[in-house]
file run35.txt (compact mmCIF, N, CA and C atoms and all ligand atoms)
# COMPACT_ATOMS: atom_id res chain seq x y z
N MET A 1 -72.99 79.53 4.87
CA MET A 1 -72.64 78.55 5.89
C MET A 1 -71.84 77.41 5.28
N ASN A 2 -70.93 76.90 6.04
CA ASN A 2 -70.10 75.77 5.63
C ASN A 2 -70.97 74.57 5.24
N PRO A 3 -70.81 74.07 4.00
CA PRO A 3 -71.65 72.94 3.56
C PRO A 3 -71.50 71.71 4.45
N LYS A 4 -70.32 71.58 5.03
CA LYS A 4 -70.07 70.45 5.93
C LYS A 4 -70.96 70.57 7.17
N THR A 5 -71.04 71.81 7.69
CA THR A 5 -71.87 72.04 8.86
C THR A 5 -73.33 71.79 8.54
N VAL A 6 -73.73 72.22 7.33
CA VAL A 6 -75.13 72.02 6.93
C VAL A 6 -75.46 70.54 6.87
N SER A 7 -74.57 69.76 6.27
CA SER A 7 -74.89 68.33 6.14
C SER A 7 -74.84 67.65 7.50
N GLN A 8 -74.00 68.18 8.37
CA GLN A 8 -73.95 67.65 9.74
C GLN A 8 -75.27 67.91 10.46
N LEU A 9 -75.74 69.14 10.34
CA LEU A 9 -77.01 69.50 10.97
C LEU A 9 -78.16 68.70 10.35
N LYS A 10 -78.06 68.49 9.04
CA LYS A 10 -79.09 67.73 8.35
C LYS A 10 -79.15 66.31 8.90
N THR A 11 -77.98 65.71 9.09
CA THR A 11 -77.91 64.36 9.65
C THR A 11 -78.53 64.33 11.04
N GLU A 12 -78.20 65.35 11.83
CA GLU A 12 -78.75 65.43 13.18
C GLU A 12 -80.27 65.55 13.15
N LEU A 13 -80.75 66.39 12.23
CA LEU A 13 -82.19 66.60 12.12
C LEU A 13 -82.91 65.32 11.70
N LEU A 14 -82.31 64.61 10.74
CA LEU A 14 -82.92 63.37 10.27
C LEU A 14 -82.96 62.32 11.38
N ALA A 15 -81.86 62.29 12.17
CA ALA A 15 -81.80 61.34 13.28
C ALA A 15 -82.87 61.67 14.32
N LYS A 16 -83.01 62.96 14.57
CA LYS A 16 -83.99 63.40 15.56
C LYS A 16 -85.41 63.10 15.08
N LYS A 17 -85.61 63.32 13.79
CA LYS A 17 -86.92 63.05 13.21
C LYS A 17 -87.29 61.58 13.37
N LYS A 18 -86.29 60.72 13.11
CA LYS A 18 -86.50 59.28 13.22
C LYS A 18 -86.84 58.91 14.66
N THR A 19 -86.09 59.50 15.60
CA THR A 19 -86.33 59.23 17.02
C THR A 19 -87.75 59.62 17.41
N ILE A 20 -88.17 60.80 16.95
CA ILE A 20 -89.51 61.27 17.30
C ILE A 20 -90.56 60.36 16.70
N LEU A 21 -90.36 59.97 15.45
CA LEU A 21 -91.33 59.08 14.80
C LEU A 21 -91.42 57.75 15.55
N ASN A 22 -90.27 57.25 16.01
CA ASN A 22 -90.25 56.02 16.79
C ASN A 22 -91.00 56.20 18.11
N LEU A 23 -90.73 57.33 18.75
CA LEU A 23 -91.38 57.60 20.04
C LEU A 23 -92.89 57.74 19.87
N GLN A 24 -93.28 58.37 18.77
CA GLN A 24 -94.71 58.52 18.50
C GLN A 24 -95.36 57.15 18.37
N GLU A 25 -94.65 56.27 17.68
CA GLU A 25 -95.15 54.91 17.47
C GLU A 25 -95.27 54.19 18.81
N LEU A 26 -94.22 54.30 19.63
CA LEU A 26 -94.23 53.69 20.96
C LEU A 26 -95.35 54.27 21.81
N ASN A 27 -95.47 55.57 21.73
CA ASN A 27 -96.47 56.29 22.51
C ASN A 27 -97.87 55.74 22.23
N LYS A 28 -98.09 55.43 20.95
CA LYS A 28 -99.38 54.89 20.54
C LYS A 28 -99.63 53.52 21.16
N ASN A 29 -98.53 52.73 21.25
CA ASN A 29 -98.68 51.33 21.63
C ASN A 29 -98.61 51.09 23.13
N ILE A 30 -98.15 52.08 23.87
CA ILE A 30 -98.01 51.88 25.31
C ILE A 30 -99.29 52.29 26.02
N PRO A 31 -99.83 51.40 26.79
CA PRO A 31 -101.05 51.74 27.52
C PRO A 31 -100.79 52.83 28.56
N ALA A 32 -101.81 53.57 28.90
CA ALA A 32 -101.67 54.72 29.78
C ALA A 32 -101.03 54.35 31.11
N GLU A 33 -101.35 53.15 31.62
CA GLU A 33 -100.82 52.77 32.94
C GLU A 33 -99.33 52.44 32.89
N ASP A 34 -98.78 52.39 31.67
CA ASP A 34 -97.38 52.03 31.52
C ASP A 34 -96.54 53.25 31.14
N GLU A 35 -96.96 54.41 31.59
CA GLU A 35 -96.28 55.63 31.19
C GLU A 35 -94.85 55.70 31.71
N GLN A 36 -94.57 55.00 32.81
CA GLN A 36 -93.22 55.03 33.37
C GLN A 36 -92.19 54.47 32.38
N SER A 37 -92.55 53.38 31.70
CA SER A 37 -91.59 52.81 30.76
C SER A 37 -91.40 53.74 29.57
N MET A 38 -92.44 54.47 29.23
CA MET A 38 -92.33 55.47 28.17
C MET A 38 -91.34 56.56 28.58
N LYS A 39 -91.42 56.95 29.83
CA LYS A 39 -90.53 57.98 30.35
C LYS A 39 -89.08 57.51 30.25
N ASP A 40 -88.85 56.22 30.54
CA ASP A 40 -87.50 55.68 30.44
C ASP A 40 -86.97 55.77 29.02
N VAL A 41 -87.84 55.48 28.06
CA VAL A 41 -87.44 55.56 26.66
C VAL A 41 -87.03 56.99 26.31
N ILE A 42 -87.82 57.94 26.77
CA ILE A 42 -87.54 59.34 26.46
C ILE A 42 -86.25 59.80 27.14
N ASP A 43 -86.03 59.36 28.38
CA ASP A 43 -84.81 59.73 29.10
C ASP A 43 -83.56 59.28 28.35
N ARG A 44 -83.68 58.15 27.67
CA ARG A 44 -82.53 57.60 26.98
C ARG A 44 -82.37 58.20 25.58
N SER A 45 -83.40 58.85 25.10
CA SER A 45 -83.32 59.41 23.75
C SER A 45 -82.74 60.81 23.82
N ASP A 46 -82.44 61.37 22.65
CA ASP A 46 -81.90 62.72 22.63
C ASP A 46 -82.97 63.76 22.33
N VAL A 47 -84.19 63.34 22.50
CA VAL A 47 -85.29 64.28 22.26
C VAL A 47 -85.46 65.18 23.47
N GLU A 48 -85.49 66.47 23.20
CA GLU A 48 -85.63 67.41 24.29
C GLU A 48 -87.08 67.42 24.78
N GLY A 49 -87.24 67.90 25.97
CA GLY A 49 -88.59 68.09 26.46
C GLY A 49 -88.79 67.44 27.80
N GLU A 50 -89.64 68.05 28.55
CA GLU A 50 -89.95 67.50 29.86
C GLU A 50 -91.02 66.45 29.70
N TRP A 51 -91.13 65.64 30.68
CA TRP A 51 -92.15 64.62 30.67
C TRP A 51 -93.47 65.23 31.13
N PHE A 52 -94.45 65.16 30.27
CA PHE A 52 -95.78 65.58 30.68
C PHE A 52 -96.67 64.35 30.66
N THR A 53 -97.72 64.44 29.95
CA THR A 53 -98.56 63.27 29.76
C THR A 53 -98.38 62.80 28.32
N LYS A 54 -98.90 61.65 28.01
CA LYS A 54 -98.78 61.14 26.65
C LYS A 54 -99.32 62.16 25.64
N GLU A 55 -100.43 62.75 26.01
CA GLU A 55 -101.07 63.70 25.10
C GLU A 55 -100.19 64.93 24.87
N ARG A 56 -99.66 65.46 25.98
CA ARG A 56 -98.80 66.64 25.89
C ARG A 56 -97.55 66.31 25.08
N MET A 57 -97.02 65.10 25.28
CA MET A 57 -95.82 64.72 24.56
C MET A 57 -96.08 64.64 23.06
N SER A 58 -97.20 64.03 22.66
CA SER A 58 -97.43 63.91 21.23
C SER A 58 -97.65 65.28 20.61
N GLN A 59 -98.22 66.19 21.39
CA GLN A 59 -98.37 67.56 20.91
C GLN A 59 -97.00 68.20 20.71
N HIS A 60 -96.15 67.99 21.69
CA HIS A 60 -94.79 68.52 21.66
C HIS A 60 -94.03 67.97 20.46
N TRP A 61 -94.18 66.68 20.21
CA TRP A 61 -93.48 66.05 19.09
C TRP A 61 -93.97 66.59 17.76
N LYS A 62 -95.27 66.84 17.69
CA LYS A 62 -95.84 67.39 16.45
C LYS A 62 -95.16 68.70 16.10
N VAL A 63 -95.00 69.55 17.13
CA VAL A 63 -94.35 70.84 16.92
C VAL A 63 -92.90 70.64 16.49
N GLU A 64 -92.21 69.73 17.17
CA GLU A 64 -90.81 69.48 16.84
C GLU A 64 -90.66 68.95 15.43
N LEU A 65 -91.55 68.04 15.06
CA LEU A 65 -91.50 67.48 13.71
C LEU A 65 -91.71 68.56 12.66
N ALA A 66 -92.65 69.45 12.94
CA ALA A 66 -92.92 70.54 12.00
C ALA A 66 -91.67 71.42 11.85
N GLN A 67 -91.00 71.69 12.97
CA GLN A 67 -89.77 72.49 12.94
C GLN A 67 -88.69 71.79 12.13
N ILE A 68 -88.56 70.49 12.36
CA ILE A 68 -87.54 69.72 11.65
C ILE A 68 -87.83 69.71 10.15
N ASN A 69 -89.09 69.49 9.80
CA ASN A 69 -89.45 69.45 8.38
C ASN A 69 -89.20 70.80 7.71
N THR A 70 -89.54 71.87 8.40
CA THR A 70 -89.28 73.21 7.87
C THR A 70 -87.79 73.41 7.63
N SER A 71 -86.99 72.97 8.62
CA SER A 71 -85.54 73.13 8.51
C SER A 71 -84.99 72.32 7.34
N LEU A 72 -85.49 71.09 7.19
CA LEU A 72 -85.01 70.25 6.09
C LEU A 72 -85.36 70.86 4.74
N GLN A 73 -86.55 71.46 4.67
CA GLN A 73 -86.95 72.14 3.44
C GLN A 73 -86.01 73.30 3.14
N ARG A 74 -85.65 74.02 4.19
CA ARG A 74 -84.75 75.16 4.02
C ARG A 74 -83.35 74.70 3.62
N ILE A 75 -82.95 73.54 4.12
CA ILE A 75 -81.66 72.99 3.71
C ILE A 75 -81.69 72.67 2.22
N GLU A 76 -82.77 72.02 1.79
CA GLU A 76 -82.91 71.66 0.37
C GLU A 76 -82.92 72.91 -0.50
N ALA A 77 -83.58 73.94 -0.02
CA ALA A 77 -83.71 75.18 -0.80
C ALA A 77 -82.44 76.02 -0.75
N GLY A 78 -81.50 75.64 0.13
CA GLY A 78 -80.26 76.39 0.24
C GLY A 78 -80.40 77.68 1.03
N THR A 79 -81.49 77.83 1.76
CA THR A 79 -81.69 79.05 2.54
C THR A 79 -81.49 78.80 4.03
N PHE A 80 -81.08 77.59 4.36
CA PHE A 80 -80.92 77.24 5.77
C PHE A 80 -79.78 78.04 6.39
N GLY A 81 -80.04 78.56 7.59
CA GLY A 81 -79.01 79.28 8.32
C GLY A 81 -78.78 80.70 7.84
N ILE A 82 -79.68 81.18 6.96
CA ILE A 82 -79.56 82.55 6.48
C ILE A 82 -80.75 83.35 6.98
N CYS A 83 -80.46 84.50 7.57
CA CYS A 83 -81.51 85.36 8.11
C CYS A 83 -82.40 85.87 6.98
N ILE A 84 -83.73 85.73 7.14
CA ILE A 84 -84.64 86.16 6.08
C ILE A 84 -84.75 87.69 6.03
N GLU A 85 -84.27 88.37 7.07
CA GLU A 85 -84.38 89.83 7.11
C GLU A 85 -83.15 90.50 6.49
N CYS A 86 -81.97 90.05 6.90
CA CYS A 86 -80.77 90.79 6.52
C CYS A 86 -79.72 89.93 5.81
N ASP A 87 -80.04 88.65 5.54
CA ASP A 87 -79.13 87.74 4.84
C ASP A 87 -77.87 87.39 5.63
N ALA A 88 -77.82 87.76 6.89
CA ALA A 88 -76.66 87.40 7.70
C ALA A 88 -76.76 85.93 8.06
N GLY A 89 -75.62 85.33 8.37
CA GLY A 89 -75.62 83.94 8.78
C GLY A 89 -76.15 83.81 10.20
N ILE A 90 -76.95 82.80 10.44
CA ILE A 90 -77.45 82.53 11.78
C ILE A 90 -76.44 81.61 12.46
N PRO A 91 -76.00 81.95 13.69
CA PRO A 91 -74.98 81.14 14.36
C PRO A 91 -75.40 79.67 14.48
N VAL A 92 -74.45 78.77 14.23
CA VAL A 92 -74.73 77.33 14.28
C VAL A 92 -75.26 76.93 15.66
N LYS A 93 -74.70 77.56 16.70
CA LYS A 93 -75.14 77.29 18.06
C LYS A 93 -76.65 77.48 18.20
N ARG A 94 -77.10 78.58 17.60
CA ARG A 94 -78.52 78.91 17.66
C ARG A 94 -79.35 77.90 16.85
N LEU A 95 -78.79 77.48 15.71
CA LEU A 95 -79.51 76.55 14.85
C LEU A 95 -79.64 75.17 15.50
N ARG A 96 -78.67 74.86 16.37
CA ARG A 96 -78.74 73.57 17.06
C ARG A 96 -79.91 73.56 18.04
N VAL A 97 -80.17 74.73 18.64
CA VAL A 97 -81.26 74.84 19.60
C VAL A 97 -82.59 75.02 18.86
N ARG A 98 -82.54 75.90 17.89
CA ARG A 98 -83.74 76.18 17.10
C ARG A 98 -83.43 76.02 15.62
N PRO A 99 -83.45 74.78 15.12
CA PRO A 99 -83.08 74.57 13.72
C PRO A 99 -84.00 75.30 12.74
N ASP A 100 -85.17 75.66 13.19
CA ASP A 100 -86.09 76.34 12.29
C ASP A 100 -85.98 77.86 12.39
N ALA A 101 -84.94 78.34 13.08
CA ALA A 101 -84.75 79.78 13.21
C ALA A 101 -84.57 80.42 11.83
N THR A 102 -85.28 81.49 11.58
CA THR A 102 -85.17 82.16 10.28
C THR A 102 -84.59 83.57 10.43
N LEU A 103 -84.30 83.96 11.68
CA LEU A 103 -83.77 85.29 11.93
C LEU A 103 -82.44 85.18 12.68
N CYS A 104 -81.50 86.09 12.36
CA CYS A 104 -80.27 86.15 13.14
C CYS A 104 -80.59 86.78 14.49
N LEU A 105 -79.64 86.78 15.38
CA LEU A 105 -79.91 87.25 16.74
C LEU A 105 -80.36 88.71 16.76
N ASP A 106 -79.71 89.55 15.94
CA ASP A 106 -80.07 90.97 15.90
C ASP A 106 -81.51 91.16 15.46
N CYS A 107 -81.87 90.50 14.35
CA CYS A 107 -83.22 90.64 13.82
C CYS A 107 -84.25 90.03 14.76
N GLN A 108 -83.87 88.94 15.42
CA GLN A 108 -84.75 88.31 16.38
C GLN A 108 -85.08 89.28 17.51
N GLU A 109 -84.06 90.00 17.94
CA GLU A 109 -84.24 90.97 19.02
C GLU A 109 -85.21 92.07 18.60
N ILE A 110 -85.00 92.57 17.39
CA ILE A 110 -85.89 93.60 16.86
C ILE A 110 -87.31 93.06 16.74
N PHE A 111 -87.39 91.84 16.21
CA PHE A 111 -88.69 91.21 16.02
C PHE A 111 -89.42 91.08 17.35
N GLU A 112 -88.69 90.66 18.38
CA GLU A 112 -89.31 90.47 19.69
C GLU A 112 -89.74 91.79 20.29
N LYS A 113 -88.97 92.83 20.03
CA LYS A 113 -89.36 94.15 20.52
C LYS A 113 -90.64 94.60 19.83
N GLU A 114 -90.67 94.40 18.51
CA GLU A 114 -91.83 94.84 17.74
C GLU A 114 -93.07 94.02 18.04
N ASN A 115 -92.83 92.75 18.35
CA ASN A 115 -93.96 91.85 18.57
C ASN A 115 -94.08 91.44 20.04
N GLY A 116 -93.59 92.29 20.89
CA GLY A 116 -93.61 92.00 22.32
C GLY A 116 -94.99 92.09 22.91
N SER A 117 -95.04 92.52 24.16
CA SER A 117 -96.30 92.52 24.88
C SER A 117 -97.32 93.46 24.24
N ILE A 118 -96.82 94.52 23.63
CA ILE A 118 -97.75 95.47 23.01
C ILE A 118 -97.89 95.13 21.53
N ARG A 119 -99.10 94.88 21.13
CA ARG A 119 -99.33 94.57 19.73
C ARG A 119 -99.90 95.78 19.02
N LEU A 120 -99.17 96.29 18.09
CA LEU A 120 -99.65 97.43 17.33
C LEU A 120 -100.06 96.98 15.95
N SER A 121 -101.22 97.41 15.54
CA SER A 121 -101.61 97.10 14.18
C SER A 121 -101.29 98.31 13.32
N GLY A 122 -101.02 98.07 12.08
CA GLY A 122 -100.74 99.21 11.21
C GLY A 122 -99.63 98.93 10.25
N PRO A 123 -99.26 99.95 9.49
CA PRO A 123 -98.28 99.76 8.41
C PRO A 123 -96.85 99.54 8.91
N SER A 124 -96.62 99.63 10.23
CA SER A 124 -95.27 99.43 10.76
C SER A 124 -94.82 97.97 10.65
N SER A 125 -95.79 97.06 10.47
CA SER A 125 -95.40 95.66 10.38
C SER A 125 -94.61 95.41 9.12
N SER A 126 -93.55 94.60 9.23
CA SER A 126 -92.63 94.44 8.13
C SER A 126 -93.18 93.56 7.02
N GLY A 127 -94.19 92.77 7.32
CA GLY A 127 -94.83 91.98 6.27
C GLY A 127 -94.07 90.74 5.83
N VAL A 128 -93.06 90.34 6.59
CA VAL A 128 -92.29 89.17 6.19
C VAL A 128 -92.77 87.92 6.93
N LEU A 129 -93.74 88.08 7.79
CA LEU A 129 -94.20 86.93 8.57
C LEU A 129 -95.02 85.99 7.70
N HIS A 130 -94.83 84.73 7.93
CA HIS A 130 -95.60 83.76 7.17
C HIS A 130 -96.71 83.18 8.04
ZN ZN B 201 -80.81 89.35 10.47
call {"tool": "encode", "arguments": {"input": "run35.txt", "output": "structure tokens", "more": "lines below"}}
Ligand SMILES: [Zn+2]
result
Amino acid sequence: MNPKTVSQLKTELLAKKKTILNLQELNKNIPAEDEQSMKDVIDRSDVEGEWFTKERMSQHWKVELAQINTSLQRIEAGTFGICIECDAGIPVKRLRVRPDATLCLDCQEIFEKENGSIRLSGPSSSGVLH
């Protein structure tokens, strides 16, 4: 992947991380009856997600933060944007939506087929899951 694109995505991730950390802080300080003003803050931010309750939001942010941290680690390790299955490049478009994506679209499709509604146990599992 283009190093310029990587550093661009890294900047975006860091900005998003900062926003989430700020929102978490605000979320802590805003009383429950003042949830409307919290909603306004979120509407103005670039953080994705629907408005639920404070509790649901902090859960959502936790997941997002974990994804961002994983992605930043992968950037540092130089494995960001590379499919763990076939070493193909993961499209930037996809990384913008799911920065923690570790599979290219083809492998993702296979993965979803294998891990779809029917769960089979046995040696057919590829063993690359963490
Ligand atoms: Zn792949």
call {"tool": "residues_near_ligand", "arguments": {"input": "run35.txt", "ligand": "ligand ZN 201 (chain B)", "cutoff": "8 Å", "atoms": "only N, CA and C atoms and all ligand atoms", "output": "ChimeraX atom specification"}}
result
/A:82-90,102-108
call {"tool": "atom_distance", "arguments": {"input": "run35.txt", "atom1": "atom CA of Ala66 of chain A", "atom2": "atom N of Val92 of chain A"}}
result
20.3 Å
call {"tool": "closest_residue", "arguments": {"input": "run35.txt", "among": "A:Ala101, A:Trp61, A:Thr70, A:Lys54", "to": "Ile30 of chain A", "atoms": "only C-alpha atoms"}}
result
A:Lys54
call {"tool": "atom_distance", "arguments": {"input": "run35.txt", "atom1": "atom CA of Ser7 of chain A", "atom2": "atom CA of Glu76 of chain A"}}
result
10.4 Å
call {"tool": "select_by_dssp", "arguments": {"input": "run35.txt", "residues": "segment 63-109 of chain A", "states": "alpha helix (DSSP H)", "output": "JSON, numbers by chain"}}
result
{"A": [63, 64, 65, 66, 67, 68, 69, 70, 71, 72, 73, 74, 75, 76, 77, 92, 93, 94, 95, 96, 97, 105, 106, 107, 108, 109]}
call {"tool": "atom_distance", "arguments": {"input": "run35.txt", "atom1": "atom N of Ile68 of chain A", "atom2": "atom CA of Pro91 of chain A"}}
result
17.4 Å
call {"tool": "closest_residue", "arguments": {"input": "run35.txt", "among": "A:Thr79, A:Gln67, A:Leu26, A:Asn115", "to": "Pro3 of chain A", "atoms": "only C-alpha atoms"}}
result
A:Thr79
call {"tool": "decode", "arguments": {"input": "run35.txt", "residues": "segment 66-123 of chain A", "atoms": "C-alpha atoms", "output": "PDB file, in the first residue's frame"}}
result
ATOM      1  CA  ALA A  66     -10.356  -1.452  20.083  1.00  0.00           C
ATOM      2  CA  GLN A  67     -10.626  -1.503  16.277  1.00  0.00           C
ATOM      3  CA  ILE A  68      -8.639   1.712  15.995  1.00  0.00           C
ATOM      4  CA  ASN A  69      -5.930   0.460  18.334  1.00  0.00           C
ATOM      5  CA  THR A  70      -5.648  -2.807  16.422  1.00  0.00           C
ATOM      6  CA  SER A  71      -5.344  -0.872  13.174  1.00  0.00           C
ATOM      7  CA  LEU A  72      -2.678   1.438  14.586  1.00  0.00           C
ATOM      8  CA  GLN A  73      -0.713  -1.582  15.775  1.00  0.00           C
ATOM      9  CA  ARG A  74      -0.943  -3.066  12.304  1.00  0.00           C
ATOM     10  CA  ILE A  75       0.260   0.200  10.807  1.00  0.00           C
ATOM     11  CA  GLU A  76       3.275   0.167  13.135  1.00  0.00           C
ATOM     12  CA  ALA A  77       3.970  -3.460  12.285  1.00  0.00           C
ATOM     13  CA  GLY A  78       3.727  -2.715   8.568  1.00  0.00           C
ATOM     14  CA  THR A  79       0.971  -5.269   8.040  1.00  0.00           C
ATOM     15  CA  PHE A  80      -1.834  -2.765   7.703  1.00  0.00           C
ATOM     16  CA  GLY A  81      -3.966  -3.174   4.605  1.00  0.00           C
ATOM     17  CA  ILE A  82      -2.550  -6.590   3.780  1.00  0.00           C
ATOM     18  CA  CYS A  83      -4.798  -9.642   3.755  1.00  0.00           C
ATOM     19  CA  ILE A  84      -3.662 -12.167   6.379  1.00  0.00           C
ATOM     20  CA  GLU A  85      -4.838 -15.033   4.146  1.00  0.00           C
ATOM     21  CA  CYS A  86      -3.444 -14.282   0.716  1.00  0.00           C
ATOM     22  CA  ASP A  87      -1.209 -11.176   1.138  1.00  0.00           C
ATOM     23  CA  ALA A  88      -3.350  -9.219  -1.305  1.00  0.00           C
ATOM     24  CA  GLY A  89      -3.902  -5.536  -0.667  1.00  0.00           C
ATOM     25  CA  ILE A  90      -7.155  -4.639   1.040  1.00  0.00           C
ATOM     26  CA  PRO A  91      -8.941  -1.813  -0.831  1.00  0.00           C
ATOM     27  CA  VAL A  92      -8.551   1.583   0.857  1.00  0.00           C
ATOM     28  CA  LYS A  93     -12.301   2.104   0.544  1.00  0.00           C
ATOM     29  CA  ARG A  94     -12.855  -0.951   2.685  1.00  0.00           C
ATOM     30  CA  LEU A  95     -10.223   0.131   5.210  1.00  0.00           C
ATOM     31  CA  ARG A  96     -11.965   3.461   5.627  1.00  0.00           C
ATOM     32  CA  VAL A  97     -15.125   1.645   6.683  1.00  0.00           C
ATOM     33  CA  ARG A  98     -13.415  -1.127   8.574  1.00  0.00           C
ATOM     34  CA  PRO A  99      -9.871  -0.029   9.419  1.00  0.00           C
ATOM     35  CA  ASP A 100      -9.346  -3.233  11.360  1.00  0.00           C
ATOM     36  CA  ALA A 101     -10.146  -5.416   8.345  1.00  0.00           C
ATOM     37  CA  THR A 102      -7.579  -8.199   8.050  1.00  0.00           C
ATOM     38  CA  LEU A 103      -9.036  -9.955   5.007  1.00  0.00           C
ATOM     39  CA  CYS A 104      -9.405  -8.843   1.400  1.00  0.00           C
ATOM     40  CA  LEU A 105     -12.874  -8.985  -0.108  1.00  0.00           C
ATOM     41  CA  ASP A 106     -12.350 -12.424  -1.666  1.00  0.00           C
ATOM     42  CA  CYS A 107     -11.100 -13.988   1.546  1.00  0.00           C
ATOM     43  CA  GLN A 108     -13.789 -12.223   3.541  1.00  0.00           C
ATOM     44  CA  GLU A 109     -16.395 -13.812   1.310  1.00  0.00           C
ATOM     45  CA  ILE A 110     -14.893 -17.249   1.799  1.00  0.00           C
ATOM     46  CA  PHE A 111     -14.609 -16.636   5.511  1.00  0.00           C
ATOM     47  CA  GLU A 112     -18.254 -15.629   5.739  1.00  0.00           C
ATOM     48  CA  LYS A 113     -19.323 -18.689   3.801  1.00  0.00           C
ATOM     49  CA  GLU A 114     -17.288 -20.947   6.063  1.00  0.00           C
ATOM     50  CA  ASN A 115     -18.417 -19.198   9.207  1.00  0.00           C
ATOM     51  CA  GLY A 116     -21.958 -18.489   8.156  1.00  0.00           C
ATOM     52  CA  SER A 117     -25.132 -19.739   9.718  1.00  0.00           C
ATOM     53  CA  ILE A 118     -23.884 -23.308   9.819  1.00  0.00           C
ATOM     54  CA  ARG A 119     -21.044 -23.859  12.203  1.00  0.00           C
ATOM     55  CA  LEU A 120     -18.997 -26.913  11.486  1.00  0.00           C
ATOM     56  CA  SER A 121     -16.407 -28.115  13.888  1.00  0.00           C
ATOM     57  CA  GLY A 122     -13.470 -30.062  12.642  1.00  0.00           C
ATOM     58  CA  PRO A 123     -10.194 -29.896  10.787  1.00  0.00           C
TER      59      PRO A 123
END
